[in-house]
>>> print(open('run-v8.cif').read())   # mmCIF, N, CA and C atoms
data_structure
#
loop_
_atom_site.group_PDB
_atom_site.id
_atom_site.type_symbol
_atom_site.label_atom_id
_atom_site.label_comp_id
_atom_site.auth_asym_id
_atom_site.auth_seq_id
_atom_site.Cartn_x
_atom_site.Cartn_y
_atom_site.Cartn_z
ATOM 1 N N MET P 162 -2.258 22.840 25.588
ATOM 2 C CA MET P 162 -2.349 21.974 24.422
ATOM 3 C C MET P 162 -3.787 21.480 24.279
ATOM 4 N N ASP P 163 -4.277 21.461 23.053
ATOM 5 C CA ASP P 163 -5.640 21.013 22.791
ATOM 6 C C ASP P 163 -5.790 19.512 23.019
ATOM 7 N N LYS P 164 -6.957 19.145 23.518
ATOM 8 C CA LYS P 164 -7.278 17.730 23.727
ATOM 9 C C LYS P 164 -8.172 17.273 22.586
ATOM 10 N N TRP P 165 -7.759 16.216 21.883
ATOM 11 C CA TRP P 165 -8.503 15.702 20.741
ATOM 12 C C TRP P 165 -8.797 14.227 20.907
ATOM 13 N N CYS P 166 -10.027 13.854 20.620
ATOM 14 C CA CYS P 166 -10.407 12.452 20.495
ATOM 15 C C CYS P 166 -11.334 12.371 19.289
ATOM 16 N N LEU P 167 -10.825 11.808 18.203
ATOM 17 C CA LEU P 167 -11.581 11.696 16.964
ATOM 18 C C LEU P 167 -11.918 10.232 16.739
ATOM 19 N N VAL P 168 -13.192 9.915 16.756
ATOM 20 C CA VAL P 168 -13.641 8.555 16.492
ATOM 21 C C VAL P 168 -14.348 8.598 15.143
ATOM 22 N N GLU P 169 -13.889 7.756 14.220
ATOM 23 C CA GLU P 169 -14.413 7.850 12.867
ATOM 24 C C GLU P 169 -14.598 6.493 12.210
ATOM 25 N N ASP P 170 -15.474 6.498 11.241
ATOM 26 C CA ASP P 170 -15.676 5.369 10.343
ATOM 27 C C ASP P 170 -15.201 5.880 8.993
ATOM 28 N N SER P 171 -14.006 5.484 8.596
ATOM 29 C CA SER P 171 -13.354 6.083 7.441
ATOM 30 C C SER P 171 -12.838 5.022 6.483
ATOM 31 N N ASN P 172 -12.899 5.315 5.197
ATOM 32 C CA ASN P 172 -12.310 4.424 4.204
ATOM 33 C C ASN P 172 -10.829 4.686 4.010
ATOM 34 N N SER P 173 -10.286 5.706 4.656
ATOM 35 C CA SER P 173 -8.859 5.988 4.556
ATOM 36 C C SER P 173 -8.067 4.924 5.297
ATOM 37 N N VAL P 174 -6.943 4.543 4.716
ATOM 38 C CA VAL P 174 -6.098 3.534 5.339
ATOM 39 C C VAL P 174 -4.727 4.121 5.630
ATOM 40 N N ARG P 175 -4.070 3.610 6.669
ATOM 41 C CA ARG P 175 -2.726 4.063 7.024
ATOM 42 C C ARG P 175 -1.653 3.177 6.420
ATOM 43 N N ARG P 176 -1.974 1.893 6.233
ATOM 44 C CA ARG P 176 -1.027 0.907 5.677
ATOM 45 C C ARG P 176 -1.795 -0.033 4.765
ATOM 46 N N LEU P 177 -1.082 -0.668 3.861
ATOM 47 C CA LEU P 177 -1.742 -1.616 2.969
ATOM 48 C C LEU P 177 -2.423 -2.738 3.732
ATOM 49 N N GLY P 178 -1.886 -3.156 4.851
ATOM 50 C CA GLY P 178 -2.470 -4.231 5.640
ATOM 51 C C GLY P 178 -3.790 -3.881 6.296
ATOM 52 N N ASP P 179 -4.168 -2.580 6.278
ATOM 53 C CA ASP P 179 -5.436 -2.156 6.881
ATOM 54 C C ASP P 179 -6.631 -2.470 6.005
ATOM 55 N N SER P 180 -6.399 -2.868 4.758
ATOM 56 C CA SER P 180 -7.502 -3.107 3.838
ATOM 57 C C SER P 180 -7.185 -4.276 2.926
ATOM 58 N N ARG P 181 -8.198 -5.053 2.617
ATOM 59 C CA ARG P 181 -8.081 -6.158 1.667
ATOM 60 C C ARG P 181 -9.020 -5.915 0.498
ATOM 61 N N ARG P 182 -8.934 -4.697 -0.058
ATOM 62 C CA ARG P 182 -9.726 -4.333 -1.229
ATOM 63 C C ARG P 182 -8.761 -3.963 -2.335
ATOM 64 N N HIS P 183 -8.970 -4.474 -3.525
ATOM 65 C CA HIS P 183 -8.016 -4.326 -4.614
ATOM 66 C C HIS P 183 -7.736 -2.883 -5.003
ATOM 67 N N TYR P 184 -8.757 -2.019 -4.976
ATOM 68 C CA TYR P 184 -8.519 -0.661 -5.458
ATOM 69 C C TYR P 184 -7.580 0.133 -4.555
ATOM 70 N N HIS P 185 -7.482 -0.235 -3.289
ATOM 71 C CA HIS P 185 -6.564 0.486 -2.405
ATOM 72 C C HIS P 185 -5.106 0.286 -2.800
ATOM 73 N N ILE P 186 -4.791 -0.825 -3.417
ATOM 74 C CA ILE P 186 -3.413 -1.065 -3.831
ATOM 75 C C ILE P 186 -3.011 -0.058 -4.899
ATOM 76 N N ALA P 187 -3.920 0.256 -5.827
ATOM 77 C CA ALA P 187 -3.616 1.189 -6.912
ATOM 78 C C ALA P 187 -3.476 2.623 -6.412
ATOM 79 N N ILE P 188 -4.371 3.073 -5.513
ATOM 80 C CA ILE P 188 -4.332 4.459 -5.056
ATOM 81 C C ILE P 188 -3.789 4.589 -3.645
ATOM 82 N N GLY P 189 -3.427 3.485 -3.052
ATOM 83 C CA GLY P 189 -3.033 3.471 -1.650
ATOM 84 C C GLY P 189 -1.906 4.406 -1.301
ATOM 85 N N GLY P 190 -0.918 4.531 -2.173
ATOM 86 C CA GLY P 190 0.233 5.372 -1.856
ATOM 87 C C GLY P 190 -0.154 6.808 -1.581
ATOM 88 N N ILE P 191 -0.960 7.403 -2.456
ATOM 89 C CA ILE P 191 -1.374 8.797 -2.300
ATOM 90 C C ILE P 191 -2.323 8.943 -1.118
ATOM 91 N N GLU P 192 -3.326 8.080 -1.056
ATOM 92 C CA GLU P 192 -4.315 8.151 0.025
ATOM 93 C C GLU P 192 -3.655 7.941 1.386
ATOM 94 N N MET P 193 -2.802 6.948 1.478
ATOM 95 C CA MET P 193 -2.137 6.673 2.759
ATOM 96 C C MET P 193 -1.253 7.841 3.166
ATOM 97 N N LYS P 194 -0.526 8.413 2.221
ATOM 98 C CA LYS P 194 0.353 9.536 2.535
ATOM 99 C C LYS P 194 -0.454 10.716 3.067
ATOM 100 N N GLU P 195 -1.566 11.036 2.401
ATOM 101 C CA GLU P 195 -2.401 12.154 2.846
ATOM 102 C C GLU P 195 -2.999 11.897 4.226
ATOM 103 N N PHE P 196 -3.473 10.677 4.469
ATOM 104 C CA PHE P 196 -4.061 10.362 5.770
ATOM 105 C C PHE P 196 -3.001 10.378 6.866
ATOM 106 N N ASN P 197 -1.835 9.826 6.594
ATOM 107 C CA ASN P 197 -0.752 9.851 7.580
ATOM 108 C C ASN P 197 -0.264 11.279 7.831
ATOM 109 N N ASN P 198 -0.256 12.131 6.797
ATOM 110 C CA ASN P 198 0.099 13.539 6.985
ATOM 111 C C ASN P 198 -0.923 14.246 7.862
ATOM 112 N N PHE P 199 -2.217 13.938 7.667
ATOM 113 C CA PHE P 199 -3.266 14.508 8.511
ATOM 114 C C PHE P 199 -3.033 14.130 9.974
ATOM 115 N N ILE P 200 -2.757 12.858 10.231
ATOM 116 C CA ILE P 200 -2.524 12.389 11.600
ATOM 117 C C ILE P 200 -1.309 13.095 12.208
ATOM 118 N N GLU P 201 -0.262 13.221 11.419
ATOM 119 C CA GLU P 201 0.946 13.901 11.903
ATOM 120 C C GLU P 201 0.676 15.391 12.150
ATOM 121 N N ASP P 202 0.001 16.059 11.213
ATOM 122 C CA ASP P 202 -0.290 17.489 11.358
ATOM 123 C C ASP P 202 -1.180 17.772 12.565
ATOM 124 N N MET P 203 -2.142 16.891 12.825
ATOM 125 C CA MET P 203 -3.037 17.063 13.973
ATOM 126 C C MET P 203 -2.382 16.638 15.287
ATOM 127 N N GLU P 204 -1.220 15.998 15.191
ATOM 128 C CA GLU P 204 -0.479 15.510 16.362
ATOM 129 C C GLU P 204 -1.337 14.579 17.214
ATOM 130 N N VAL P 205 -1.937 13.595 16.540
ATOM 131 C CA VAL P 205 -2.744 12.584 17.228
ATOM 132 C C VAL P 205 -2.141 11.206 16.995
ATOM 133 N N ASP P 206 -2.514 10.272 17.850
ATOM 134 C CA ASP P 206 -2.093 8.878 17.726
ATOM 135 C C ASP P 206 -3.290 8.034 17.333
ATOM 136 N N ASP P 207 -3.049 7.051 16.490
ATOM 137 C CA ASP P 207 -4.072 6.105 16.060
ATOM 138 C C ASP P 207 -4.044 4.939 17.048
ATOM 139 N N LEU P 208 -5.074 4.848 17.897
ATOM 140 C CA LEU P 208 -5.097 3.773 18.887
ATOM 141 C C LEU P 208 -5.213 2.416 18.184
ATOM 142 N N PRO P 209 -4.461 1.439 18.636
ATOM 143 C CA PRO P 209 -4.540 0.114 18.015
ATOM 144 C C PRO P 209 -5.849 -0.593 18.374
ATOM 145 N N LEU P 210 -6.266 -1.482 17.501
ATOM 146 C CA LEU P 210 -7.440 -2.303 17.772
ATOM 147 C C LEU P 210 -7.087 -3.412 18.753
ATOM 148 N N VAL P 211 -8.067 -3.837 19.501
ATOM 149 C CA VAL P 211 -7.909 -4.983 20.390
ATOM 150 C C VAL P 211 -8.839 -6.064 19.855
ATOM 151 N N GLY P 212 -8.300 -7.222 19.580
ATOM 152 C CA GLY P 212 -9.132 -8.299 19.041
ATOM 153 C C GLY P 212 -8.945 -8.439 17.548
ATOM 154 N N LEU P 213 -10.021 -8.248 16.798
ATOM 155 C CA LEU P 213 -9.988 -8.426 15.350
ATOM 156 C C LEU P 213 -9.098 -7.387 14.665
ATOM 157 N N LYS P 214 -8.489 -7.783 13.544
ATOM 158 C CA LYS P 214 -7.655 -6.871 12.767
ATOM 159 C C LYS P 214 -8.507 -5.921 11.933
ATOM 160 N N TYR P 215 -9.685 -6.367 11.498
ATOM 161 C CA TYR P 215 -10.557 -5.572 10.639
ATOM 162 C C TYR P 215 -11.871 -5.280 11.347
ATOM 163 N N THR P 216 -12.485 -4.132 11.007
ATOM 164 C CA THR P 216 -13.762 -3.756 11.623
ATOM 165 C C THR P 216 -14.927 -3.836 10.650
ATOM 166 N N TRP P 217 -14.660 -4.145 9.381
ATOM 167 C CA TRP P 217 -15.704 -4.279 8.373
ATOM 168 C C TRP P 217 -15.375 -5.460 7.471
ATOM 169 N N PHE P 218 -16.394 -6.241 7.136
ATOM 170 C CA PHE P 218 -16.231 -7.415 6.272
ATOM 171 C C PHE P 218 -17.356 -7.438 5.248
ATOM 172 N N ARG P 219 -17.033 -7.648 3.980
ATOM 173 C CA ARG P 219 -18.070 -7.880 2.961
ATOM 174 C C ARG P 219 -18.591 -9.293 3.176
ATOM 175 N N SER P 220 -19.879 -9.483 2.988
ATOM 176 C CA SER P 220 -20.502 -10.770 3.307
ATOM 177 C C SER P 220 -19.895 -11.934 2.522
ATOM 178 N N ASN P 221 -19.384 -11.681 1.314
ATOM 179 C CA ASN P 221 -18.782 -12.765 0.537
ATOM 180 C C ASN P 221 -17.310 -12.997 0.894
ATOM 181 N N GLY P 222 -16.771 -12.207 1.801
ATOM 182 C CA GLY P 222 -15.401 -12.397 2.266
ATOM 183 C C GLY P 222 -14.322 -11.849 1.351
ATOM 184 N N VAL P 223 -14.704 -11.255 0.212
ATOM 185 C CA VAL P 223 -13.726 -10.746 -0.746
ATOM 186 C C VAL P 223 -13.026 -9.491 -0.231
ATOM 187 N N ALA P 224 -13.726 -8.670 0.507
ATOM 188 C CA ALA P 224 -13.155 -7.414 0.987
ATOM 189 C C ALA P 224 -13.338 -7.299 2.493
ATOM 190 N N LYS P 225 -12.366 -6.673 3.126
ATOM 191 C CA LYS P 225 -12.435 -6.367 4.548
ATOM 192 C C LYS P 225 -11.497 -5.209 4.817
ATOM 193 N N GLY P 226 -11.760 -4.479 5.876
ATOM 194 C CA GLY P 226 -10.919 -3.335 6.158
ATOM 195 C C GLY P 226 -11.061 -2.844 7.578
ATOM 196 N N ARG P 227 -10.097 -2.030 7.972
ATOM 197 C CA ARG P 227 -10.147 -1.371 9.271
ATOM 198 C C ARG P 227 -10.698 0.030 9.044
ATOM 199 N N LEU P 228 -12.023 0.144 9.120
ATOM 200 C CA LEU P 228 -12.688 1.408 8.856
ATOM 201 C C LEU P 228 -12.844 2.255 10.109
ATOM 202 N N ASP P 229 -12.982 1.630 11.264
ATOM 203 C CA ASP P 229 -13.189 2.359 12.514
ATOM 204 C C ASP P 229 -11.839 2.714 13.125
ATOM 205 N N LYS P 230 -11.709 3.995 13.468
ATOM 206 C CA LYS P 230 -10.453 4.462 14.044
ATOM 207 C C LYS P 230 -10.740 5.384 15.217
ATOM 208 N N CYS P 231 -9.810 5.432 16.146
ATOM 209 C CA CYS P 231 -9.876 6.371 17.265
ATOM 210 C C CYS P 231 -8.527 7.076 17.315
ATOM 211 N N LEU P 232 -8.549 8.383 17.032
ATOM 212 C CA LEU P 232 -7.330 9.194 17.020
ATOM 213 C C LEU P 232 -7.369 10.118 18.229
ATOM 214 N N ILE P 233 -6.314 10.101 19.036
ATOM 215 C CA ILE P 233 -6.287 10.930 20.246
ATOM 216 C C ILE P 233 -4.989 11.716 20.326
ATOM 217 N N SER P 234 -5.091 12.882 20.955
ATOM 218 C CA SER P 234 -3.898 13.687 21.222
ATOM 219 C C SER P 234 -3.241 13.184 22.502
ATOM 220 N N SER P 235 -1.968 13.498 22.660
ATOM 221 C CA SER P 235 -1.271 13.045 23.872
ATOM 222 C C SER P 235 -1.858 13.696 25.118
ATOM 223 N N SER P 236 -2.363 14.945 25.005
ATOM 224 C CA SER P 236 -2.971 15.594 26.174
ATOM 225 C C SER P 236 -4.291 14.920 26.556
ATOM 226 N N TRP P 237 -5.043 14.427 25.559
ATOM 227 C CA TRP P 237 -6.269 13.683 25.850
ATOM 228 C C TRP P 237 -5.912 12.366 26.536
ATOM 229 N N ASP P 238 -4.898 11.714 26.027
ATOM 230 C CA ASP P 238 -4.417 10.462 26.604
ATOM 231 C C ASP P 238 -3.991 10.667 28.050
ATOM 232 N N ASP P 239 -3.234 11.740 28.298
ATOM 233 C CA ASP P 239 -2.764 12.024 29.659
ATOM 234 C C ASP P 239 -3.927 12.240 30.617
ATOM 235 N N GLN P 240 -4.965 12.939 30.172
ATOM 236 C CA GLN P 240 -6.088 13.238 31.058
ATOM 237 C C GLN P 240 -7.012 12.049 31.262
ATOM 238 N N TRP P 241 -7.316 11.292 30.195
ATOM 239 C CA TRP P 241 -8.340 10.272 30.287
ATOM 240 C C TRP P 241 -7.819 8.842 30.365
ATOM 241 N N LEU P 242 -6.787 8.519 29.615
ATOM 242 C CA LEU P 242 -6.282 7.151 29.624
ATOM 243 C C LEU P 242 -5.122 6.957 30.587
ATOM 244 N N GLY P 243 -4.426 8.022 30.895
ATOM 245 C CA GLY P 243 -3.260 7.926 31.770
ATOM 246 C C GLY P 243 -3.601 7.932 33.241
ATOM 247 N N VAL P 244 -4.882 7.872 33.561
ATOM 248 C CA VAL P 244 -5.331 7.924 34.971
ATOM 249 C C VAL P 244 -4.976 6.641 35.676
#
>>> encode(input="run-v8.cif", output="structure tokens")
Amino acid sequence: MDKWCLVEDSNSVRRLGDSRRHYHIAIGGIEMKEFNNFIEDMEVDDLPLVGLKYTWFRSNGVAKGRLDKCLISSSWDDQWLGV
């Protein structure tokens, strides 16, 4: 089985709670479905954040989001995190 560790800074969201930007509500359904399908097709897990819920904040506080993600395969987890 292939070992995958994908670390990314992405505007794609998995759930509405991952972003506090108005435009994601309008297109969120399609974008979230495609991103979740990618995660499922690649057979990777989205590691949860520790600490803050969001990784990016607009200086005026109007927008914030979880842009940084770490996606890993179960075989990568077994080799590196399961030690």
>>> residues_around(input="run-v8.cif", residues="range 167-181 of chain P", least_positions_apart="3", cutoff="6 Å", atoms="only N, CA and C atoms", output="list of chain:residue names")
P:Glu192, P:Met193, P:Asn197, P:Val223, P:Ala224, P:Lys225, P:Gly226, P:Arg227, P:Leu228, P:Asp229, P:Lys230, P:Cys231, P:Leu232, P:Ile233
>>> select_by_dssp(input="run-v8.cif", residues="chain P", states="strand (DSSP E)", output="PyMOL selection string")
chain P and resi 166-170+205-207+217-218+225-226+229-234
>>> resolve_selection(input="run-v8.cif", expression="the PyMOL selection byres ((chain P and resi 164) around 8)", output="number ranges by chain")
P: 162-163, 165-167, 233-238
>>> write_last_selection(input="run-v8.cif", atoms="N, CA and C atoms", output="tab-separated table (two decimals), in the coordinates of the input")
chain	number	residue	atom	x	y	z
P	162	MET	N	-2.26	22.84	25.59
P	162	MET	CA	-2.35	21.97	24.42
P	162	MET	C	-3.79	21.48	24.28
P	163	ASP	N	-4.28	21.46	23.05
P	163	ASP	CA	-5.64	21.01	22.79
P	163	ASP	C	-5.79	19.51	23.02
P	165	TRP	N	-7.76	16.22	21.88
P	165	TRP	CA	-8.50	15.70	20.74
P	165	TRP	C	-8.80	14.23	20.91
P	166	CYS	N	-10.03	13.85	20.62
P	166	CYS	CA	-10.41	12.45	20.50
P	166	CYS	C	-11.33	12.37	19.29
P	167	LEU	N	-10.82	11.81	18.20
P	167	LEU	CA	-11.58	11.70	16.96
P	167	LEU	C	-11.92	10.23	16.74
P	233	ILE	N	-6.31	10.10	19.04
P	233	ILE	CA	-6.29	10.93	20.25
P	233	ILE	C	-4.99	11.72	20.33
P	234	SER	N	-5.09	12.88	20.96
P	234	SER	CA	-3.90	13.69	21.22
P	234	SER	C	-3.24	13.18	22.50
P	235	SER	N	-1.97	13.50	22.66
P	235	SER	CA	-1.27	13.04	23.87
P	235	SER	C	-1.86	13.70	25.12
P	236	SER	N	-2.36	14.94	25.00
P	236	SER	CA	-2.97	15.59	26.17
P	236	SER	C	-4.29	14.92	26.56
P	237	TRP	N	-5.04	14.43	25.56
P	237	TRP	CA	-6.27	13.68	25.85
P	237	TRP	C	-5.91	12.37	26.54
P	238	ASP	N	-4.90	11.71	26.03
P	238	ASP	CA	-4.42	10.46	26.60
P	238	ASP	C	-3.99	10.67	28.05
>>> select_by_dssp(input="run-v8.cif", residues="chain P", states="alpha helix (DSSP H)", output="PyMOL selection string")
chain P and resi 183-203+235-237
>>> atom_distance(input="run-v8.cif", atom1="atom C of Asp207 in chain P", atom2="atom C of Trp241 in chain P")
14.4 Å
>>> atom_distance(input="run-v8.cif", atom1="CA of Lys194 in chain P", atom2="CA of Leu208 in chain P")
18.2 Å
>>> axis_aligned_box(input="run-v8.cif", around="range 204-208 of chain P", padding_each_side="6 Å", output="AutoDock Vina command-line options")
--center_x -2.8 --center_y 9.2 --center_z 17.0 --size_x 16.7 --size_y 25.6 --size_z 15.7
>>> atom_distance(input="run-v8.cif", atom1="atom N of Phe196 in chain P", atom2="atom N of Leu210 in chain P")
18.0 Å
>>> decode(input="run-v8.cif", residues="range 163-174 of chain P", atoms="all heavy atoms", output="tab-separated table (two decimals), in the first residue's frame")
chain	number	residue	atom	x	y	z
P	163	ASP	N	0.51	2.23	-0.79
P	163	ASP	CA	1.27	3.47	-0.88
P	163	ASP	C	1.17	4.28	0.41
P	163	ASP	O	0.14	4.30	1.06
P	163	ASP	CB	0.76	4.33	-2.04
P	163	ASP	CG	1.08	3.72	-3.39
P	163	ASP	OD1	2.10	3.02	-3.49
P	163	ASP	OD2	0.31	3.96	-4.33
P	164	LYS	N	2.28	4.93	0.73
P	164	LYS	CA	2.32	5.81	1.90
P	164	LYS	C	2.19	7.25	1.42
P	164	LYS	O	2.98	7.70	0.59
P	164	LYS	CB	3.61	5.61	2.67
P	164	LYS	CG	3.73	4.24	3.28
P	164	LYS	CD	5.09	4.06	3.92
P	164	LYS	CE	5.26	2.68	4.50
P	164	LYS	NZ	5.34	1.63	3.51
P	165	TRP	N	1.20	7.98	1.94
P	165	TRP	CA	0.95	9.35	1.54
P	165	TRP	C	0.93	10.28	2.74
P	165	TRP	O	0.31	9.97	3.75
P	165	TRP	CB	-0.42	9.48	0.85
P	165	TRP	CG	-0.48	8.90	-0.51
P	165	TRP	CD1	-0.90	7.64	-0.83
P	165	TRP	CD2	-0.13	9.52	-1.73
P	165	TRP	NE1	-0.84	7.46	-2.18
P	165	TRP	CE2	-0.37	8.60	-2.76
P	165	TRP	CE3	0.35	10.78	-2.06
P	165	TRP	CZ2	-0.13	8.91	-4.09
P	165	TRP	CZ3	0.59	11.07	-3.39
P	165	TRP	CH2	0.35	10.15	-4.38
P	166	CYS	N	1.60	11.40	2.60
P	166	CYS	CA	1.48	12.50	3.56
P	166	CYS	C	1.43	13.78	2.74
P	166	CYS	O	2.42	14.17	2.14
P	166	CYS	CB	2.66	12.53	4.53
P	166	CYS	SG	2.58	13.92	5.67
P	167	LEU	N	0.25	14.38	2.67
P	167	LEU	CA	0.04	15.59	1.89
P	167	LEU	C	-0.18	16.74	2.85
P	167	LEU	O	-1.14	16.75	3.60
P	167	LEU	CB	-1.18	15.43	0.98
P	167	LEU	CG	-1.23	14.18	0.11
P	167	LEU	CD1	-2.62	14.00	-0.48
P	167	LEU	CD2	-0.20	14.28	-0.99
P	168	VAL	N	0.72	17.70	2.83
P	168	VAL	CA	0.58	18.89	3.66
P	168	VAL	C	0.30	20.04	2.70
P	168	VAL	O	1.05	20.25	1.75
P	168	VAL	CB	1.85	19.16	4.49
P	168	VAL	CG1	1.69	20.41	5.34
P	168	VAL	CG2	2.17	17.95	5.36
P	169	GLU	N	-0.80	20.74	2.94
P	169	GLU	CA	-1.21	21.75	1.98
P	169	GLU	C	-1.79	22.99	2.64
P	169	GLU	O	-2.28	22.95	3.75
P	169	GLU	CB	-2.23	21.17	1.01
P	169	GLU	CG	-3.54	20.79	1.67
P	169	GLU	CD	-4.63	20.40	0.69
P	169	GLU	OE1	-4.52	20.72	-0.50
P	169	GLU	OE2	-5.60	19.78	1.13
P	170	ASP	N	-1.72	24.06	1.90
P	170	ASP	CA	-2.37	25.32	2.23
P	170	ASP	C	-3.44	25.48	1.16
P	170	ASP	O	-3.14	25.82	0.03
P	170	ASP	CB	-1.36	26.46	2.20
P	170	ASP	CG	-1.99	27.80	2.48
P	170	ASP	OD1	-3.21	27.87	2.74
P	170	ASP	OD2	-1.28	28.81	2.42
P	171	SER	N	-4.68	25.18	1.51
P	171	SER	CA	-5.74	25.08	0.51
P	171	SER	C	-6.96	25.88	0.92
P	171	SER	O	-7.31	25.95	2.08
P	171	SER	CB	-6.12	23.60	0.37
P	171	SER	OG	-7.29	23.46	-0.39
P	172	ASN	N	-7.63	26.46	-0.06
P	172	ASN	CA	-8.89	27.15	0.20
P	172	ASN	C	-10.07	26.19	0.20
P	172	ASN	O	-11.19	26.60	0.48
P	172	ASN	CB	-9.12	28.25	-0.83
P	172	ASN	CG	-8.20	29.43	-0.61
P	172	ASN	OD1	-7.80	29.72	0.51
P	172	ASN	ND2	-7.84	30.10	-1.67
P	173	SER	N	-9.84	24.93	-0.12
P	173	SER	CA	-10.92	23.94	-0.09
P	173	SER	C	-11.32	23.65	1.35
P	173	SER	O	-10.47	23.56	2.23
P	173	SER	CB	-10.47	22.65	-0.76
P	173	SER	OG	-10.18	22.88	-2.12
P	174	VAL	N	-12.61	23.49	1.56
P	174	VAL	CA	-13.11	23.20	2.89
P	174	VAL	C	-13.83	21.86	2.89
P	174	VAL	O	-14.39	21.44	1.89
P	174	VAL	CB	-14.04	24.31	3.43
P	174	VAL	CG1	-13.30	25.61	3.60
P	174	VAL	CG2	-15.24	24.50	2.53
